[in-house]
file structure_39.txt (compact mmCIF, C-alpha atoms)
# COMPACT_ATOMS: atom_id res chain seq x y z
CA MET A 133 -2.74 -9.50 -8.48
CA GLY A 134 -4.25 -10.14 -5.03
CA GLN A 135 -7.83 -9.74 -3.92
CA ALA A 136 -8.91 -6.68 -1.99
CA MET A 137 -9.16 -7.26 1.73
CA PRO A 138 -12.60 -6.84 3.29
CA ALA A 139 -13.20 -3.63 5.21
CA TYR A 140 -12.20 -3.85 8.86
CA ASP A 141 -13.17 -1.37 11.54
CA ALA A 142 -10.02 -1.16 13.62
CA PRO A 143 -10.38 -0.11 17.22
CA THR A 144 -9.42 3.46 18.03
CA LEU A 145 -5.98 3.55 19.62
CA ASP A 146 -4.85 6.02 22.23
CA THR A 147 -2.18 8.09 20.46
CA LYS A 148 -0.13 8.53 23.65
CA THR A 149 0.03 4.76 24.16
CA LEU A 150 0.81 4.22 20.47
CA ARG A 151 3.62 6.79 20.58
CA SER A 152 5.05 5.10 23.69
CA ALA A 153 4.96 1.68 22.03
CA LEU A 154 6.61 3.02 18.86
CA SER A 155 9.37 4.66 20.92
CA GLN A 156 10.62 1.18 21.82
CA PHE A 157 11.90 0.86 18.25
CA ALA A 158 15.38 2.38 17.98
CA THR A 159 16.06 4.41 14.84
CA GLY A 160 18.91 6.20 13.23
CA VAL A 161 18.70 9.97 12.88
CA THR A 162 18.86 11.95 9.65
CA ILE A 163 18.64 15.52 8.49
CA VAL A 164 16.84 16.08 5.20
CA THR A 165 17.69 19.23 3.23
CA CYS A 166 16.39 20.98 0.13
CA ASP A 167 16.61 24.34 -1.57
CA THR A 168 13.60 26.67 -1.55
CA ASP A 169 12.67 30.19 -2.62
CA ASP A 170 13.35 31.10 1.04
CA GLY A 171 16.85 29.62 0.89
CA PRO A 172 18.19 26.28 2.07
CA VAL A 173 16.10 24.40 4.65
CA GLY A 174 16.56 21.22 6.63
CA MET A 175 14.78 19.14 9.21
CA THR A 176 15.54 16.26 11.52
CA ALA A 177 13.81 13.00 10.59
CA ASN A 178 14.03 9.45 11.89
CA SER A 179 11.56 7.97 9.39
CA PHE A 180 14.26 7.13 6.82
CA ASN A 181 14.28 3.69 5.22
CA SER A 182 15.47 1.87 2.12
CA VAL A 183 12.89 0.85 -0.49
CA SER A 184 14.76 -0.67 -3.45
CA LEU A 185 18.29 -1.34 -4.64
CA ASP A 186 17.37 -1.36 -8.34
CA PRO A 187 16.38 1.33 -8.92
CA ALA A 188 17.98 2.89 -5.85
CA LEU A 189 15.02 4.23 -3.85
CA VAL A 190 14.77 5.50 -0.27
CA LEU A 191 11.91 6.99 1.71
CA TRP A 192 11.15 9.27 4.59
CA SER A 193 7.93 10.79 5.85
CA ILE A 194 6.89 14.25 6.95
CA SER A 195 3.96 15.34 9.08
CA LYS A 196 1.28 17.20 7.14
CA THR A 197 1.20 19.76 9.95
CA SER A 198 4.92 20.52 9.78
CA ARG A 199 5.78 24.15 8.99
CA ARG A 200 8.35 22.69 6.56
CA TYR A 201 5.84 20.44 4.79
CA ASP A 202 5.37 22.53 1.63
CA TYR A 203 9.11 22.90 1.15
CA PHE A 204 9.72 19.16 1.01
CA VAL A 205 6.65 17.90 -0.83
CA ASN A 206 7.37 20.48 -3.56
CA ALA A 207 11.12 19.83 -3.75
CA ASN A 208 12.38 18.26 -6.96
CA ARG A 209 15.63 17.26 -5.25
CA PHE A 210 16.67 16.75 -1.65
CA ALA A 211 19.46 15.15 0.38
CA ILE A 212 19.22 12.81 3.34
CA HIS A 213 22.16 12.92 5.78
CA VAL A 214 22.70 10.02 8.23
CA LEU A 215 24.15 11.47 11.43
CA GLY A 216 27.01 10.11 13.49
CA ALA A 217 26.92 9.54 17.25
CA ASP A 218 28.74 12.84 17.84
CA GLN A 219 26.14 14.92 15.94
CA ALA A 220 23.28 15.10 18.47
CA ASN A 221 23.72 18.90 18.61
CA LEU A 222 23.16 19.10 14.85
CA CYS A 223 20.05 16.96 15.16
CA MET A 224 18.64 19.24 17.84
CA ALA A 225 19.52 22.40 15.91
CA PHE A 226 17.57 21.30 12.83
CA SER A 227 14.67 20.02 14.91
CA LYS A 228 14.16 23.62 16.10
CA ASN A 229 15.32 25.72 13.14
CA ALA A 230 14.88 24.95 9.43
CA GLN A 231 17.85 27.16 8.59
CA ALA A 232 20.33 25.93 11.20
CA PHE A 233 23.13 25.50 8.70
CA ASP A 234 25.51 27.51 10.90
CA ALA A 235 25.31 24.59 13.38
CA ALA A 236 26.56 22.27 10.64
CA ALA A 237 29.78 24.28 10.43
CA GLN A 238 30.60 22.75 7.06
CA TRP A 239 28.07 22.57 4.27
CA ARG A 240 27.96 23.37 0.60
CA THR A 241 25.50 23.58 -2.26
CA SER A 242 25.45 20.73 -4.79
CA ASP A 243 25.53 21.26 -8.55
CA PHE A 244 21.73 20.91 -8.42
CA GLY A 245 21.33 23.56 -5.69
CA VAL A 246 20.70 21.13 -2.82
CA PRO A 247 22.34 22.02 0.52
CA LEU A 248 24.76 19.24 1.53
CA ILE A 249 25.99 18.84 5.09
CA GLU A 250 29.57 17.62 5.35
CA ASN A 251 30.98 15.09 7.84
CA CYS A 252 27.89 12.91 8.21
CA LEU A 253 28.11 9.10 8.04
CA SER A 254 26.20 8.80 4.78
CA ARG A 255 24.52 11.23 2.43
CA PHE A 256 21.96 10.33 -0.21
CA GLU A 257 21.29 12.89 -2.94
CA CYS A 258 17.81 12.23 -4.32
CA GLU A 259 15.30 13.40 -6.88
CA SER A 260 11.65 13.17 -5.94
CA PHE A 261 10.26 9.89 -7.25
CA ALA A 262 6.81 9.56 -5.61
CA LEU A 263 4.62 10.94 -2.84
CA HIS A 264 2.16 8.73 -0.98
CA ASP A 265 -0.55 9.56 1.52
CA GLY A 266 0.30 8.08 4.90
CA GLY A 267 -2.48 9.28 7.20
CA ASP A 268 -1.21 12.34 9.03
CA HIS A 269 2.10 12.10 7.11
CA THR A 270 3.18 12.11 3.49
CA ILE A 271 5.67 9.43 2.48
CA ILE A 272 8.34 10.88 0.20
CA ILE A 273 10.22 8.42 -2.00
CA GLY A 274 13.47 9.60 -3.52
CA LYS A 275 15.52 8.10 -6.33
CA VAL A 276 19.17 8.20 -5.27
CA TYR A 277 21.45 9.75 -7.88
CA GLY A 278 24.50 10.31 -5.68
CA LEU A 279 25.88 9.22 -2.33
CA ASP A 280 28.80 9.53 0.03
CA THR A 281 29.49 7.21 2.93
CA THR A 282 32.09 6.56 5.59
CA SER A 283 32.36 4.32 8.62
CA GLY A 284 31.48 5.38 12.13
CA ARG A 285 28.99 4.97 14.95
CA PRO A 286 25.48 6.21 14.05
CA LEU A 287 23.34 8.51 16.18
CA ILE A 288 20.54 6.31 17.59
CA PHE A 289 17.24 7.54 19.03
CA SER A 290 14.93 5.46 21.24
CA GLN A 291 12.47 6.03 24.10
CA GLY A 292 12.65 9.80 23.76
CA GLY A 293 16.43 10.13 23.86
CA PHE A 294 19.76 9.29 22.26
CA LEU A 295 21.44 5.98 23.06
CA PRO A 296 25.01 6.08 24.37

call {"tool": "encode", "arguments": {"input": "structure_39.txt", "output": "structure tokens"}}
result
Amino acid sequence: MGQAMPAYDAPTLDTKTLRSALSQFATGVTIVTCDTDDGPVGMTANSFNSVSLDPALVLWSISKTSRRYDYFVNANRFAIHVLGADQANLCMAFSKNAQAFDAAAQWRTSDFGVPLIENCLSRFECESFALHDGGDHTIIIGKVYGLDTTSGRPLIFSQGGFLP
């Protein structure tokens, strides 16, 4: 394979400036759910991305300081729900409360025990495939074993707010 790159001492970046620069990149919004000993939990995440079509792999990342961290890094299965433009309230509910399933109005438990939110644009049911260190986050790669999708306008987040 390739040669190792020589060590490079990168300059220290101001995290506030870095966060501001990153906010210029518009992202879709998801809610990730899993089952735990404490019951079903979910969280809002905009770090979702595709990895591979064959095998079908997706990723998302979670902060190591998140109160929900242990739930997701220990989950064997989880679901990623892509939200529609009319679901900002659901996004906000799960950003504040891991068990905000009443805000979802319609949800069910899959055959594998994973909480599934209905009426989202797409839903990816995944089994944990790999975890990777990503600095202050852990990158969670899931192998997709089931999905549902429909058409619609996605919920988009940029510069600290939702786009119209």

call {"tool": "closest_residue", "arguments": {"input": "structure_39.txt", "among": "A:Asn178, A:Ser193, A:Thr144, A:Ser198", "to": "His264 in chain A", "atoms": "only C-alpha atoms"}}
result
A:Ser193

call {"tool": "closest_atom_pairs", "arguments": {"input": "structure_39.txt", "of": "range 244-278 of chain A", "to": "range 205-219 of chain A", "cutoff": "7 Å", "atoms": "all atoms listed in the file", "output": "tab-separated table"}}
result
residue	atom	partner	partner_atom	distance
A:Val246	CA	A:Phe210	CA	6.1
A:Leu248	CA	A:Ala211	CA	6.8
A:Cys252	CA	A:Leu215	CA	5.1
A:Leu253	CA	A:Val214	CA	5.5
A:Ser254	CA	A:Val214	CA	5.1
A:Arg255	CA	A:His213	CA	4.4
A:Phe256	CA	A:Ile212	CA	5.1
A:Glu257	CA	A:Ala211	CA	4.4
A:Cys258	CA	A:Phe210	CA	5.4
A:Glu259	CA	A:Arg209	CA	4.2
A:Ser260	CA	A:Asn208	CA	5.2

call {"tool": "residues_around", "arguments": {"input": "structure_39.txt", "residues": "Thr168 in chain A", "least_positions_apart": "2", "cutoff": "10 Å", "atoms": "all atoms listed in the file", "output": "MDAnalysis selection string"}}
result
chainID A and resid 165:166 170:173 202:204 206:207 245:246

call {"tool": "closest_residue", "arguments": {"input": "structure_39.txt", "among": "A:Pro187, A:Asn251, A:Ile194, A:Gly267", "to": "Thr281 in chain A", "atoms": "only C-alpha atoms"}}
result
A:Asn251

call {"tool": "atom_distance", "arguments": {"input": "structure_39.txt", "atom1": "CA of Asp243 in chain A", "atom2": "CA of Gly174 in chain A"}}
result
17.6 Å

call {"tool": "closest_residue", "arguments": {"input": "structure_39.txt", "among": "A:Arg151, A:Arg200, A:Lys228, A:His269", "to": "Ser179 in chain A", "atoms": "all atoms listed in the file"}}
result
A:His269

call {"tool": "closest_residue", "arguments": {"input": "structure_39.txt", "among": "A:Thr282, A:Asn221, A:Gln238, A:Ser195", "to": "Asp265 in chain A", "atoms": "only C-alpha atoms"}}
result
A:Ser195

call {"tool": "closest_residue", "arguments": {"input": "structure_39.txt", "among": "A:Val183, A:Leu222, A:Ala235, A:Val161", "to": "Ile273 in chain A", "atoms": "all atoms listed in the file"}}
result
A:Val183

call {"tool": "atom_distance", "arguments": {"input": "structure_39.txt", "atom1": "CA of Thr162 in chain A", "atom2": "CA of Thr176 in chain A"}}
result
5.8 Å

call {"tool": "atom_distance", "arguments": {"input": "structure_39.txt", "atom1": "CA of Ser242 in chain A", "atom2": "CA of Leu279 in chain A"}}
result
11.8 Å

call {"tool": "closest_residue", "arguments": {"input": "structure_39.txt", "among": "A:Arg199, A:Ala158, A:Arg240, A:Ala153", "to": "Ser227 in chain A", "atoms": "only C-alpha atoms"}}
result
A:Arg199

call {"tool": "residues_around", "arguments": {"input": "structure_39.txt", "residues": "Ser184 in chain A", "least_positions_apart": "2", "cutoff": "12 Å", "atoms": "all atoms listed in the file", "output": "list of chain:residue names"}}
result
A:Asn181, A:Ser182, A:Asp186, A:Pro187, A:Ala188, A:Leu189, A:Val190, A:Leu191, A:Ile273, A:Gly274, A:Lys275, A:Val276

call {"tool": "residues_near_point", "arguments": {"input": "structure_39.txt", "point": "(19.6, 7.1, 19.6)", "cutoff": "9 Å", "atoms": "only C-alpha atoms", "output": "ChimeraX atom specification"}}
result
/A:158-161,217,220,286-296
